[in-house]
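Data block for query-v2.txt (compact mmCIF, C-alpha atoms):
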# COMPACT_ATOMS: atom_id res chain seq x y z
CA MET A 690 14.57 10.19 -136.13
CA THR A 691 16.07 8.25 -138.95
CA ASP A 692 17.65 4.90 -138.33
CA LEU A 693 21.45 5.17 -138.21
CA GLY A 694 22.09 1.45 -138.58
CA TRP A 695 23.83 2.09 -141.89
CA LEU A 696 26.50 4.06 -140.01
CA PHE A 697 26.62 2.33 -136.64
CA ASN A 698 27.29 -1.20 -137.82
CA ARG A 699 30.38 -3.27 -137.42
CA GLY A 700 31.61 -3.02 -141.02
CA THR A 701 31.34 0.76 -141.33
CA LEU A 702 32.74 1.49 -137.88
CA THR A 703 35.69 -0.85 -138.46
CA PHE A 704 36.32 0.91 -141.76
CA LEU A 705 36.33 4.34 -140.06
CA ALA A 706 38.42 3.10 -137.12
CA GLY A 707 40.96 1.89 -139.66
CA GLY A 708 41.01 5.45 -140.99
CA LEU A 709 41.72 6.78 -137.52
CA GLY A 710 44.56 4.24 -137.35
CA VAL A 711 46.05 5.61 -140.58
CA THR A 712 45.64 9.19 -139.28
CA LEU A 713 47.46 8.34 -136.05
CA GLU A 714 50.14 6.37 -137.88
CA LEU A 715 50.81 9.28 -140.22
CA ALA A 716 50.89 11.73 -137.31
CA ALA A 717 53.21 9.47 -135.28
CA ILE A 718 55.70 9.12 -138.15
CA ALA A 719 55.63 12.87 -138.78
CA ILE A 720 56.07 13.65 -135.06
CA ALA A 721 59.08 11.33 -134.75
CA VAL A 722 60.79 12.50 -137.95
CA SER A 723 60.04 16.20 -137.47
CA PHE A 724 61.24 16.13 -133.86
CA VAL A 725 64.68 14.80 -134.85
CA ALA A 726 64.89 16.85 -138.04
CA GLY A 727 63.67 19.92 -136.16
CA ILE A 728 66.49 19.65 -133.61
CA VAL A 729 69.03 19.23 -136.42
CA LEU A 730 67.60 22.25 -138.27
CA ALA A 731 67.56 24.38 -135.10
CA LEU A 732 71.19 23.51 -134.34
CA GLY A 733 72.01 24.26 -137.99
CA ARG A 734 70.39 27.67 -137.76
CA LEU A 735 72.23 28.44 -134.51
CA SER A 736 75.53 27.18 -135.93
CA ARG A 737 78.44 29.59 -136.25
CA PHE A 738 79.29 27.96 -139.60
CA ARG A 739 77.63 30.51 -141.89
CA PRO A 740 76.66 28.39 -144.94
CA LEU A 741 74.95 25.89 -142.64
CA SER A 742 73.01 28.53 -140.72
CA VAL A 743 71.96 30.28 -143.94
CA ALA A 744 70.77 27.00 -145.48
CA ALA A 745 68.82 26.05 -142.36
CA THR A 746 67.28 29.54 -142.13
CA ILE A 747 66.16 29.46 -145.77
CA TYR A 748 64.60 26.02 -145.31
CA ILE A 749 62.80 27.00 -142.10
CA GLU A 750 61.51 30.38 -143.27
CA GLY A 751 60.61 29.06 -146.72
CA MET A 752 58.58 26.16 -145.35
CA ARG A 753 56.85 28.35 -142.79
CA ALA A 754 55.76 30.74 -145.53
CA LEU A 755 54.06 28.02 -147.61
CA PRO A 756 50.69 26.31 -147.18
CA VAL A 757 51.03 22.71 -146.01
CA LEU A 758 48.57 21.64 -148.72
CA LEU A 759 50.99 22.91 -151.36
CA VAL A 760 53.78 20.88 -149.74
CA ILE A 761 51.55 17.78 -149.82
CA PHE A 762 50.67 18.25 -153.50
CA PHE A 763 54.29 18.95 -154.32
CA SER A 764 55.44 15.83 -152.52
CA TYR A 765 52.90 13.65 -154.34
CA PHE A 766 52.91 15.08 -157.87
CA ALA A 767 56.21 16.90 -158.30
CA LEU A 768 58.77 15.22 -156.02
CA PRO A 769 58.68 11.86 -157.89
CA ARG A 770 59.63 13.69 -161.09
CA ILE A 771 62.62 15.27 -159.37
CA ILE A 772 63.95 12.20 -157.56
CA GLY A 773 62.78 9.74 -160.21
CA VAL A 774 61.10 7.43 -157.70
CA LYS A 775 57.36 6.84 -157.69
CA LEU A 776 55.82 7.53 -154.27
CA ASP A 777 52.61 5.99 -153.04
CA PRO A 778 50.20 8.44 -151.37
CA PHE A 779 51.12 7.40 -147.83
CA ALA A 780 54.86 7.87 -148.42
CA ALA A 781 54.26 11.23 -150.12
CA GLY A 782 51.99 12.32 -147.28
CA ALA A 783 54.45 11.23 -144.60
CA ILE A 784 57.32 13.05 -146.34
CA ALA A 785 55.26 16.23 -146.72
CA MET A 786 53.96 16.27 -143.14
CA SER A 787 57.44 15.55 -141.73
CA ALA A 788 59.26 18.08 -143.90
CA PHE A 789 56.72 20.79 -143.12
CA THR A 790 56.43 20.17 -139.39
CA ALA A 791 60.23 19.95 -139.04
CA ALA A 792 60.51 23.66 -139.92
CA LEU A 793 57.98 24.60 -137.24
CA VAL A 794 59.54 22.30 -134.64
CA ALA A 795 62.95 23.82 -135.46
CA GLU A 796 61.72 27.27 -134.47
CA ILE A 797 60.28 25.93 -131.22
CA VAL A 798 63.55 24.14 -130.43
CA ARG A 799 65.58 27.23 -131.29
CA ALA A 800 63.48 29.37 -128.96
CA GLY A 801 63.92 26.70 -126.26
CA ILE A 802 67.70 26.61 -126.68
CA LEU A 803 67.96 30.41 -126.65
CA ALA A 804 65.94 30.46 -123.42
CA VAL A 805 68.53 28.34 -121.57
CA PRO A 806 70.38 30.70 -119.19
CA LYS A 807 73.89 31.52 -120.40
CA GLY A 808 75.33 31.01 -116.93
CA LEU A 809 74.48 27.29 -117.03
CA VAL A 810 76.36 26.81 -120.28
CA GLU A 811 79.31 28.82 -118.96
CA ALA A 812 79.34 26.80 -115.75
CA ALA A 813 79.47 23.60 -117.81
CA GLN A 814 82.27 25.04 -119.95
CA SER A 815 84.27 25.96 -116.87
CA GLN A 816 83.91 22.36 -115.71
CA GLY A 817 85.72 21.31 -118.86
CA LEU A 818 82.75 19.73 -120.71
CA SER A 819 83.01 19.56 -124.49
CA ALA A 820 80.52 21.41 -126.71
CA ALA A 821 78.78 18.13 -127.59
CA GLN A 822 78.54 17.14 -123.91
CA ILE A 823 77.12 20.54 -122.96
CA LEU A 824 74.48 20.22 -125.69
CA ARG A 825 73.52 16.71 -124.62
CA ILE A 826 73.66 17.09 -120.84
CA VAL A 827 72.81 20.74 -120.21
CA THR A 828 71.24 22.64 -123.09
CA LEU A 829 68.89 20.12 -124.73
CA PRO A 830 67.28 18.65 -121.57
CA ILE A 831 66.45 22.13 -120.26
CA ALA A 832 65.36 23.37 -123.68
CA VAL A 833 63.12 20.35 -124.30
CA ARG A 834 61.35 20.84 -120.98
CA GLN A 835 60.73 24.50 -121.76
CA MET A 836 59.38 23.87 -125.22
CA MET A 837 56.97 21.03 -124.38
CA PRO A 838 53.77 23.14 -124.37
CA ALA A 839 54.59 24.70 -127.76
CA LEU A 840 55.55 21.29 -129.15
CA VAL A 841 52.28 19.72 -128.06
CA ALA A 842 50.33 22.61 -129.62
CA GLN A 843 52.27 22.02 -132.82
CA PHE A 844 51.39 18.34 -132.77
CA VAL A 845 47.69 19.20 -132.37
CA THR A 846 48.03 21.25 -135.56
CA LEU A 847 49.81 18.32 -137.20
CA LEU A 848 47.05 15.89 -136.25
CA LYS A 849 44.47 18.23 -137.80
CA ASP A 850 46.62 18.77 -140.89
CA THR A 851 46.89 15.04 -141.60
CA SER A 852 43.26 15.36 -142.80
CA LEU A 853 44.67 17.22 -145.81
CA THR A 854 46.33 14.07 -147.08
CA ALA A 855 42.80 12.90 -147.95
CA VAL A 856 43.12 14.95 -151.13
CA ILE A 857 45.98 12.80 -152.47
CA GLY A 858 43.97 9.68 -151.71
CA ILE A 859 45.38 8.46 -148.40
CA LEU A 860 42.61 6.44 -146.77
CA GLU A 861 42.74 8.26 -143.45
CA LEU A 862 39.73 9.27 -141.36
CA THR A 863 38.43 12.19 -143.47
CA ARG A 864 38.82 10.29 -146.76
CA ARG A 865 37.06 7.25 -145.38
CA GLY A 866 34.27 9.49 -144.10
CA GLN A 867 33.84 10.79 -147.65
CA ILE A 868 33.68 7.23 -148.95
CA VAL A 869 31.00 6.29 -146.41
CA PHE A 870 28.65 9.19 -147.18
CA ALA A 871 29.11 8.72 -150.93
CA GLN A 872 27.23 5.42 -150.56
CA PRO A 873 23.54 4.82 -149.89
CA PRO A 874 21.72 6.27 -148.00
CA PHE A 875 23.90 9.29 -148.95
CA GLN A 876 23.65 11.06 -145.61
CA PRO A 877 26.77 13.15 -144.98
CA ILE A 878 25.67 14.92 -141.80
CA PRO A 879 25.82 11.94 -139.38
CA VAL A 880 29.17 10.92 -140.91
CA PHE A 881 30.61 14.40 -140.43
CA ALA A 882 29.28 14.56 -136.88
CA LEU A 883 31.02 11.28 -136.08
CA ILE A 884 34.42 12.10 -137.59
CA ALA A 885 34.34 15.62 -136.12
CA LEU A 886 33.75 14.05 -132.70
CA VAL A 887 36.71 11.69 -133.20
CA TYR A 888 39.05 14.53 -134.22
CA PHE A 889 37.79 16.68 -131.38
CA THR A 890 38.39 13.97 -128.80
CA ALA A 891 41.90 13.22 -130.06
CA ASN A 892 42.98 16.88 -130.29
CA PHE A 893 41.29 18.05 -127.11
CA GLY A 894 42.91 15.16 -125.25
CA LEU A 895 46.31 16.02 -126.69
CA ALA A 896 45.82 19.69 -125.76
CA GLN A 897 44.92 18.71 -122.19
CA ILE A 898 48.16 16.73 -121.92
CA GLY A 899 49.96 19.84 -123.17
CA ARG A 900 48.27 21.98 -120.54
CA ARG A 901 49.31 19.57 -117.81
CA LEU A 902 52.92 19.70 -119.03
CA GLU A 903 52.72 23.47 -119.06
CA ALA A 904 51.55 23.53 -115.45
CA ARG A 905 54.43 21.26 -114.47
CA THR A 906 57.16 23.29 -116.14
CA LEU A 907 56.07 26.63 -114.72
CA MET B 1221 60.78 19.61 -167.05
CA ASP B 1222 59.53 22.40 -169.24
CA TRP B 1223 59.72 25.71 -167.44
CA SER B 1224 58.11 27.61 -170.32
CA VAL B 1225 54.66 26.54 -169.02
CA LEU B 1226 55.30 28.85 -166.11
CA GLY B 1227 55.64 31.88 -168.40
CA GLU B 1228 52.66 30.80 -170.51
CA ASN B 1229 50.47 30.46 -167.43
CA ALA B 1230 51.70 33.43 -165.43
CA GLY B 1231 48.44 35.25 -166.13
CA ALA B 1232 46.35 32.36 -164.79
CA LEU B 1233 48.50 32.18 -161.64
CA ALA B 1234 48.12 35.94 -161.15
CA GLN B 1235 44.36 35.44 -161.45
CA GLY B 1236 44.64 32.73 -158.80
CA LEU B 1237 46.61 35.08 -156.58
CA LEU B 1238 43.76 37.59 -156.77
CA ILE B 1239 41.26 34.88 -155.77
CA THR B 1240 43.48 33.87 -152.82
CA LEU B 1241 43.64 37.52 -151.76
CA GLU B 1242 39.88 37.90 -152.13
CA VAL B 1243 39.09 34.75 -150.12
CA SER B 1244 41.62 35.73 -147.44
CA ALA B 1245 40.42 39.33 -147.12
CA LEU B 1246 36.73 38.38 -146.85
CA ALA B 1247 37.48 35.54 -144.41
CA LEU B 1248 39.68 37.84 -142.29
CA LEU B 1249 36.87 40.39 -142.08
CA LEU B 1250 34.42 37.69 -140.97
CA ALA B 1251 36.97 36.27 -138.51
CA LEU B 1252 37.60 39.68 -136.92
CA VAL B 1253 33.90 40.43 -136.46
CA LEU B 1254 33.09 36.99 -135.04
CA GLY B 1255 36.34 36.91 -133.06
CA VAL B 1256 35.60 40.17 -131.24
CA ILE B 1257 32.10 38.95 -130.36
CA VAL B 1258 33.37 35.61 -129.07
CA ALA B 1259 36.23 37.25 -127.13
CA THR B 1260 33.63 39.45 -125.41
CA LEU B 1261 31.72 36.30 -124.47
CA ARG B 1262 34.93 34.74 -123.14
CA VAL B 1263 35.52 37.60 -120.68
CA ALA B 1264 31.84 38.22 -119.89
CA PRO B 1265 30.78 38.34 -116.21
CA SER B 1266 28.16 35.62 -116.80
CA PRO B 1267 29.52 32.05 -116.49
CA VAL B 1268 26.97 30.82 -119.05
CA LEU B 1269 28.19 33.28 -121.67
CA ARG B 1270 31.80 32.42 -120.84
CA ARG B 1271 31.04 28.73 -121.31
CA ILE B 1272 29.39 29.37 -124.67
CA GLY B 1273 32.46 31.30 -125.77
CA THR B 1274 34.81 28.55 -124.60
CA ALA B 1275 32.76 25.84 -126.33
CA TYR B 1276 32.80 27.83 -129.59
CA VAL B 1277 36.59 28.24 -129.50
CA GLU B 1278 37.42 24.67 -128.47
CA PHE B 1279 34.97 23.14 -130.97
CA LEU B 1280 36.35 25.05 -133.94
CA ARG B 1281 40.01 24.81 -132.96
CA ASN B 1282 40.02 21.05 -132.51
CA ILE B 1283 38.28 19.99 -135.72
CA PRO B 1284 40.31 20.13 -138.94
CA LEU B 1285 39.44 23.04 -141.22
CA LEU B 1286 39.09 20.61 -144.13
CA VAL B 1287 36.35 18.72 -142.26
CA GLN B 1288 34.53 22.01 -141.59
CA LEU B 1289 34.88 23.07 -145.22
CA PHE B 1290 33.69 19.69 -146.52
CA PHE B 1291 30.75 19.89 -144.13
CA LEU B 1292 29.58 23.16 -145.69
CA PHE B 1293 30.24 21.96 -149.23
CA PHE B 1294 29.12 18.31 -149.13
CA ALA B 1295 26.79 17.97 -146.14
CA LEU B 1296 24.65 21.12 -146.19
CA PRO B 1297 23.17 20.35 -149.64
CA SER B 1298 21.64 17.19 -148.09
CA ILE B 1299 19.36 19.45 -146.03
CA GLY B 1300 18.67 21.75 -148.95
CA ILE B 1301 21.32 24.43 -148.32
CA ARG B 1302 23.40 24.80 -151.46
CA LEU B 1303 26.24 27.30 -151.23
CA ASP B 1304 28.68 28.28 -153.93
CA ALA B 1305 32.21 26.82 -153.42
CA PHE B 1306 33.68 30.30 -153.00
CA VAL B 1307 31.11 31.17 -150.32
CA CYS B 1308 31.78 27.86 -148.53
CA GLY B 1309 35.50 28.67 -148.58
CA VAL B 1310 35.07 32.15 -147.10
CA LEU B 1311 32.61 30.93 -144.46
CA ALA B 1312 34.67 27.93 -143.35
CA LEU B 1313 37.91 29.90 -143.27
CA GLY B 1314 36.36 32.89 -141.53
CA VAL B 1315 34.55 30.91 -138.85
CA TYR B 1316 37.57 28.64 -138.19
CA THR B 1317 39.92 31.62 -137.89
CA SER B 1318 37.51 33.52 -135.63
CA ALA B 1319 38.31 31.03 -132.86
CA PHE B 1320 41.99 31.99 -133.06
CA VAL B 1321 41.18 35.70 -133.25
CA ALA B 1322 38.99 35.36 -130.14
CA GLU B 1323 41.84 33.68 -128.26
CA ALA B 1324 44.32 36.37 -129.31
CA ILE B 1325 42.01 39.15 -128.10
CA ARG B 1326 41.09 37.34 -124.89
CA SER B 1327 44.72 36.74 -123.94
CA GLY B 1328 45.49 40.38 -124.76
CA ILE B 1329 42.82 41.61 -122.35
CA ALA B 1330 43.89 39.07 -119.71
CA ALA B 1331 47.51 40.22 -120.01
CA VAL B 1332 46.71 43.71 -118.77
CA PRO B 1333 47.17 43.65 -114.97
CA THR B 1334 43.95 44.35 -113.05
CA GLY B 1335 45.86 47.03 -111.12
CA GLN B 1336 45.77 49.14 -114.30
CA LEU B 1337 41.98 49.17 -114.31
CA GLU B 1338 41.84 49.72 -110.56
CA ALA B 1339 44.29 52.63 -110.78
CA GLY B 1340 42.07 54.22 -113.42
CA LEU B 1341 38.96 53.72 -111.31
CA SER B 1342 40.60 55.08 -108.15
CA SER B 1343 41.69 58.23 -109.95
CA GLY B 1344 38.04 58.97 -110.64
CA MET B 1345 37.48 57.46 -114.07
CA GLY B 1346 34.30 55.52 -114.84
CA TYR B 1347 34.57 51.83 -115.86
CA ALA B 1348 34.00 52.59 -119.54
CA THR B 1349 36.54 55.43 -119.57
CA ALA B 1350 39.18 53.38 -117.76
CA MET B 1351 38.57 50.48 -120.15
CA ARG B 1352 38.80 52.74 -123.21
CA LEU B 1353 41.77 54.86 -122.13
CA ILE B 1354 43.84 52.42 -120.08
CA VAL B 1355 43.01 48.74 -120.56
CA LEU B 1356 42.09 48.47 -124.24
CA PRO B 1357 45.11 50.38 -125.66
CA GLN B 1358 47.43 48.02 -123.77
CA ALA B 1359 45.35 44.98 -124.70
CA ILE B 1360 45.45 45.88 -128.40
CA ALA B 1361 49.23 46.23 -128.30
CA LYS B 1362 49.46 42.70 -126.87
CA THR B 1363 46.93 41.38 -129.37
CA ILE B 1364 48.67 42.60 -132.52
CA PRO B 1365 51.50 40.02 -132.75
CA PRO B 1366 49.24 36.95 -132.34
CA LEU B 1367 46.67 38.48 -134.70
CA GLY B 1368 49.43 38.94 -137.27
CA ASN B 1369 50.33 35.27 -137.00
CA THR B 1370 46.68 34.32 -137.28
CA THR B 1371 46.41 36.37 -140.47
CA LEU B 1372 49.48 34.63 -141.86
CA ASN B 1373 47.94 31.23 -141.12
CA LEU B 1374 44.69 32.38 -142.68
CA ILE B 1375 46.42 33.20 -145.97
CA LYS B 1376 48.11 29.79 -146.00
CA ASN B 1377 44.91 27.99 -144.97
CA SER B 1378 43.02 29.69 -147.80
CA SER B 1379 44.72 27.14 -150.09
CA LEU B 1380 42.16 24.60 -148.81
CA VAL B 1381 39.48 26.20 -150.97
CA SER B 1382 41.20 24.54 -153.92
CA THR B 1383 39.85 21.20 -152.64
CA VAL B 1384 36.29 22.35 -153.40
CA SER B 1385 37.33 23.48 -156.89
CA VAL B 1386 37.94 27.20 -156.28
CA LEU B 1387 40.70 28.34 -158.63
CA ASP B 1388 42.93 30.12 -156.14
CA ILE B 1389 46.74 29.93 -156.44
CA LEU B 1390 46.95 26.25 -155.53
CA GLY B 1391 43.80 25.29 -157.46
CA THR B 1392 45.16 26.95 -160.59
CA ALA B 1393 48.59 25.34 -160.23
CA ASN B 1394 47.02 21.94 -159.68
CA LEU B 1395 44.73 22.24 -162.71
CA LEU B 1396 47.44 23.49 -165.04
CA GLY B 1397 49.95 20.98 -163.68
CA ALA B 1398 47.55 18.15 -164.44
CA ARG B 1399 46.82 19.52 -167.90
CA SER B 1400 50.44 20.02 -168.96
CA PHE B 1401 52.01 17.26 -166.82
CA GLN B 1402 54.48 19.92 -165.71
CA TYR B 1403 53.81 19.73 -161.99
CA VAL B 1404 57.23 20.91 -160.85
CA PRO B 1405 57.19 24.30 -162.62
CA MET B 1406 53.55 24.93 -161.76
CA PHE B 1407 54.01 24.18 -158.04
CA VAL B 1408 57.18 26.25 -157.93
CA GLY B 1409 55.15 29.07 -159.50
CA ALA B 1410 52.45 28.58 -156.85
CA ALA B 1411 55.09 28.65 -154.11
CA ILE B 1412 56.41 31.95 -155.47
CA CYS B 1413 52.86 33.39 -155.44
CA TYR B 1414 52.38 32.35 -151.81
CA LEU B 1415 55.77 33.78 -150.84
CA ILE B 1416 54.74 37.09 -152.47
CA LEU B 1417 51.80 37.15 -150.06
CA THR B 1418 53.26 35.60 -146.92
CA LEU B 1419 56.82 36.96 -146.72
CA PRO B 1420 55.82 40.65 -146.54
CA THR B 1421 53.08 39.72 -144.05
CA ALA B 1422 55.59 37.80 -141.92
CA PHE B 1423 58.01 40.72 -142.13
CA ALA B 1424 55.31 43.13 -140.98
CA VAL B 1425 54.34 40.78 -138.14
CA ASN B 1426 57.98 40.63 -137.00
CA LEU B 1427 58.27 44.42 -137.04
CA LEU B 1428 55.06 44.81 -135.02
CA GLU B 1429 56.20 42.10 -132.64
CA LYS B 1430 59.42 43.98 -131.96
CA ARG B 1431 57.61 47.28 -131.61
CA TYR B 1432 55.02 45.96 -129.21
CA ALA B 1433 57.30 43.60 -127.29
CA ARG B 1434 56.67 44.15 -123.58
Just give me the structure as C-alpha cells.
Amino acid sequence: MTDLGWLFNRGTLTFLAGGLGVTLELAAIAIAVSFVAGIVLALGRLSRFRPLSVAATIYIEGMRALPVLLVIFFSYFALPRIIGVKLDPFAAGAIAMSAFTAALVAEIVRAGILAVPKGLVEAAQSQGLSAAQILRIVTLPIAVRQMMPALVAQFVTLLKDTSLTAVIGILELTRRGQIVFAQPPFQPIPVFALIALVYFTANFGLAQIGRRLEARTL
Amino acid sequence: MDWSVLGENAGALAQGLLITLEVSALALLLALVLGVIVATLRVAPSPVLRRIGTAYVEFLRNIPLLVQLFFLFFALPSIGIRLDAFVCGVLALGVYTSAFVAEAIRSGIAAVPTGQLEAGLSSGMGYATAMRLIVLPQAIAKTIPPLGNTTLNLIKNSSLVSTVSVLDILGTANLLGARSFQYVPMFVGAAICYLILTLPTAFAVNLLEKRYAR
C-alpha cells in the first residue's frame, strides 16, 4: 500500500475540516432562511388574496422546475448585474441555496397546513381566537410536527447540494478536495474516498434523526 | 443588458437542449435497469442480498452527485480508466438515480398488503401468477408517482454534466454568457429551456398522481 501521509497530516486535514465547516455554515444559513421564507411562501400560496397566492405559486413552481445549479450560476453571474451589487461567492451561494430550498420547504409546509384537521381550526374559531392566533397556536405547531420527516429529507438534499457551490469557487468540502488532489502526489482516489465518507456520515446521521422524528410523530 | 444575444444564440441553446435530453434519456434507461435489479435485491428472501441492496441505496443517496461525477471524471484516469465527459455524465447520473428508482419500486411493492398475495394463493394461483396478476399491477400503480418525481429530478440533475464541460443547456448558457458578458439573457434562456422540459413532465406526473391516488 502507498503511504497516505500526504493526506493524513495535520495541515491537509485541517484544510479539509475547514471545508466541512464552510459546507455546514452554508447549509445552516440556507436551512434557517428557507424555513422562514418557506412558511411565508406557503401562507402566501394559501392566502385568499389572489395576487399574493398567484405570485407565491409562480415563485414556488418556477423554482421547483429549475436545476439548483442554474440558480447558483444565476445568483453568482447574473444577479449582481440586476441588483448592481457585487456578490462574493459565499453570499451568492447562500442566496441561491436559500431561494431554491425555500420553494421546496414552502410545499412541505403547505402540505402540513392542509393536513391539519378542519375541526381543530373551527374549534379555535368558535373560542373567539383571531386568525393570527389560530395560525400561531393551532395550525403551525401541528403542521410543523407533521412535516418534520419531509423537512429533514429536504435538508439532506440541501446538504448534498451545497457541494454544487464548489463550481463558483466557494471553498467548501468538495472544492477543497479538488485543491488537495491537484497537488503532488496527484492522487484523487484517497481524497474522494475521504470526502465521500464525510458527506455520507453527515447525511446518514441527519437521515437517522429524521427517521426517529418520523417514528415519534406516527 | 442586451437581449439580442438570446436570439443570436437560440440555435446553440436548442443544441444544448438536445444534449440535455440525450443525457437524461440514457441515464434514465440505466437508472431503470439498475433500479429494478436493486429493488429485487431489497425485497429478496436472503438477508445478505437485502443488505447489499440497502448498502447500495444508502451509499449512493448520501453522497452528493457532484462528488460521484467528479470521481468518474477526475479520479478514474489516475488508475488508467479514461472516460469521455458525456459518458461520465450518463454513468454518474444513471447510477445515482438508480438508488431512487430502487426505493420507489421497493416502497411500491411493500405498499401492497400481504393479504392480496395470500388471497391469490388461497384461490389456487401459483406464487408467480399471483405476483404477476395481483401484486405487481398494484405495485406499479403505487410506483408511478414517485418514479415521475425521480425522472423530474433526473432532468434537473443532468445540468451537473456542464461542470465536466459537456455543452448541455446550462453548459451552453454558461459558455455563451462568459463570451458575450450577457449572463442575464443567457441564463433566462437556459431557464426557459429547462421549463420546456420540466413543466410538461411535472404536469404529467401530477395527472398520474391523481389517477393513481389510492
Please produce, as CSV, a per-residue contact table for region 758-839 of chain A versus region 716-736 of chain A (criterion: any atom at most 12 Å away, all atoms listed in the file considered), showing the nearest atom pair and its distance in Å to one decimal, sorted by chain then residue number.
residue,atom,partner,partner_atom,distance
A:Phe779,CA,A:Ile718,CA,10.8
A:Ala780,CA,A:Ile718,CA,10.4
A:Ala781,CA,A:Ala719,CA,11.5
A:Gly782,CA,A:Ala719,CA,9.3
A:Ala783,CA,A:Ala719,CA,6.2
A:Ile784,CA,A:Ala719,CA,7.7
A:Ala785,CA,A:Ala719,CA,8.6
A:Met786,CA,A:Ala719,CA,5.8
A:Ser787,CA,A:Ala719,CA,4.4
A:Ala788,CA,A:Ser723,CA,6.7
A:Phe789,CA,A:Ser723,CA,8.0
A:Thr790,CA,A:Ser723,CA,5.7
A:Ala791,CA,A:Ser723,CA,4.1
A:Ala792,CA,A:Gly727,CA,6.2
A:Leu793,CA,A:Gly727,CA,7.4
A:Val794,CA,A:Gly727,CA,5.0
A:Ala795,CA,A:Gly727,CA,4.0
A:Glu796,CA,A:Ala731,CA,6.5
A:Ile797,CA,A:Ala731,CA,8.4
A:Val798,CA,A:Ala731,CA,6.2
A:Arg799,CA,A:Ala731,CA,5.2
A:Ala800,CA,A:Ala731,CA,8.9
A:Gly801,CA,A:Ala731,CA,9.8
A:Ile802,CA,A:Ala731,CA,8.7
A:Leu803,CA,A:Leu735,CA,9.2
A:Ala820,CA,A:Ser736,CA,12.0
A:Ala821,CA,A:Leu732,CA,11.5
A:Leu824,CA,A:Leu732,CA,9.8
A:Arg825,CA,A:Ile728,CA,11.8
A:Thr828,CA,A:Leu732,CA,11.3
A:Leu829,CA,A:Ile728,CA,9.2
A:Ala832,CA,A:Ile728,CA,10.7
A:Val833,CA,A:Ile728,CA,9.9
A:Met836,CA,A:Phe724,CA,11.7
A:Met837,CA,A:Phe724,CA,11.5
Next on the checklist: Taking 3 positions as the minimum chain separation for residues in the same chain, which residues sit within 7 Å of region 1376-1393 of chain B when counting only C-alpha atoms? Answer as a list of chain:residue names.
Outcome noted: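 Within the cut-off, the hits are A:Leu755, A:Pro756, A:Leu758, A:Leu759, B:Ala1232, B:Leu1233, B:Gly1236, B:Leu1237, B:Ile1239, B:Thr1240, B:Val1243, B:Ser1244, B:Leu1286, B:Ala1305, B:Phe1306, B:Gly1309, B:Leu1313, B:Leu1372, B:Asn1373, B:Leu1396, B:Gly1397, B:Met1406, B:Phe1407, B:Ala1410.
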Item to check | Neighbour list for Gln876 (chain A) as number ranges by chain, cut-off 10 Å, all atoms listed in the file, skip fewer than 4 positions in-chain | outcome: A: 693, 695-696, 869-872, 880-881; B: 1294-1295, 1298-1299
Distance table requested - region 1292-1406 of chain B against region 764-767 of chain A, cut-off 10 Å, all atoms listed in the file: one row per qualifying residue with the closest atom pair and its distance in Å to one decimal, ordered by chain and rising residue number, as a tab-separated table.
residue	atom	partner	partner_atom	distance
B:Asn1394	CA	A:Phe766	CA	9.2
B:Gly1397	CA	A:Phe766	CA	8.8
B:Ala1398	CA	A:Phe766	CA	9.0
B:Phe1401	CA	A:Phe766	CA	9.3
B:Gln1402	CA	A:Ala767	CA	8.2
B:Tyr1403	CA	A:Ala767	CA	5.2
B:Val1404	CA	A:Ala767	CA	4.9
B:Pro1405	CA	A:Ala767	CA	8.6
B:Met1406	CA	A:Ala767	CA	9.1
Next on the checklist: Rounded to one decimal, what separation in Å do you get between CA of Ile1283 (chain B) and CA of Asn892 (chain A)?
Outcome noted: 7.8 Å
Item to check | Within 10 Å of chain B: residues of chain A, using all atoms listed in the file, as a PyMOL selection string | outcome: chain A and resi 750-760+762-771+845-853+855-856+863-864+866-867+870-871+875-882+884-896
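The space separating CA of Pro1333 (chain B) from CA of Thr1370 (chain B) comes to 24.2 Å.
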Mind dumping region 877-887 of chain A from that block, keeping N, CA and C atoms, as a compact mmCIF listing (two decimals), in the first residue's frame?
# COMPACT_ATOMS: atom_id res chain seq x y z
N PRO A 877 -6.18 11.38 -6.65
CA PRO A 877 -7.56 11.77 -6.33
C PRO A 877 -8.34 10.72 -5.55
N ILE A 878 -8.05 9.44 -5.76
CA ILE A 878 -8.94 8.41 -5.19
C ILE A 878 -9.01 8.46 -3.66
N PRO A 879 -7.87 8.53 -2.94
CA PRO A 879 -7.99 8.61 -1.47
C PRO A 879 -8.74 9.87 -1.03
N VAL A 880 -8.54 10.98 -1.75
CA VAL A 880 -9.22 12.23 -1.39
C VAL A 880 -10.73 12.06 -1.55
N PHE A 881 -11.14 11.48 -2.68
CA PHE A 881 -12.57 11.27 -2.91
C PHE A 881 -13.15 10.33 -1.87
N ALA A 882 -12.41 9.27 -1.53
CA ALA A 882 -12.90 8.32 -0.54
C ALA A 882 -13.15 9.04 0.78
N LEU A 883 -12.22 9.93 1.15
CA LEU A 883 -12.35 10.64 2.42
C LEU A 883 -13.54 11.60 2.41
N ILE A 884 -13.67 12.43 1.35
CA ILE A 884 -14.77 13.40 1.39
C ILE A 884 -16.12 12.70 1.22
N ALA A 885 -16.15 11.59 0.46
CA ALA A 885 -17.40 10.83 0.33
C ALA A 885 -17.82 10.30 1.70
N LEU A 886 -16.84 9.83 2.47
CA LEU A 886 -17.13 9.30 3.81
C LEU A 886 -17.69 10.40 4.71
N VAL A 887 -17.11 11.61 4.60
CA VAL A 887 -17.59 12.72 5.43
C VAL A 887 -19.03 13.08 5.07
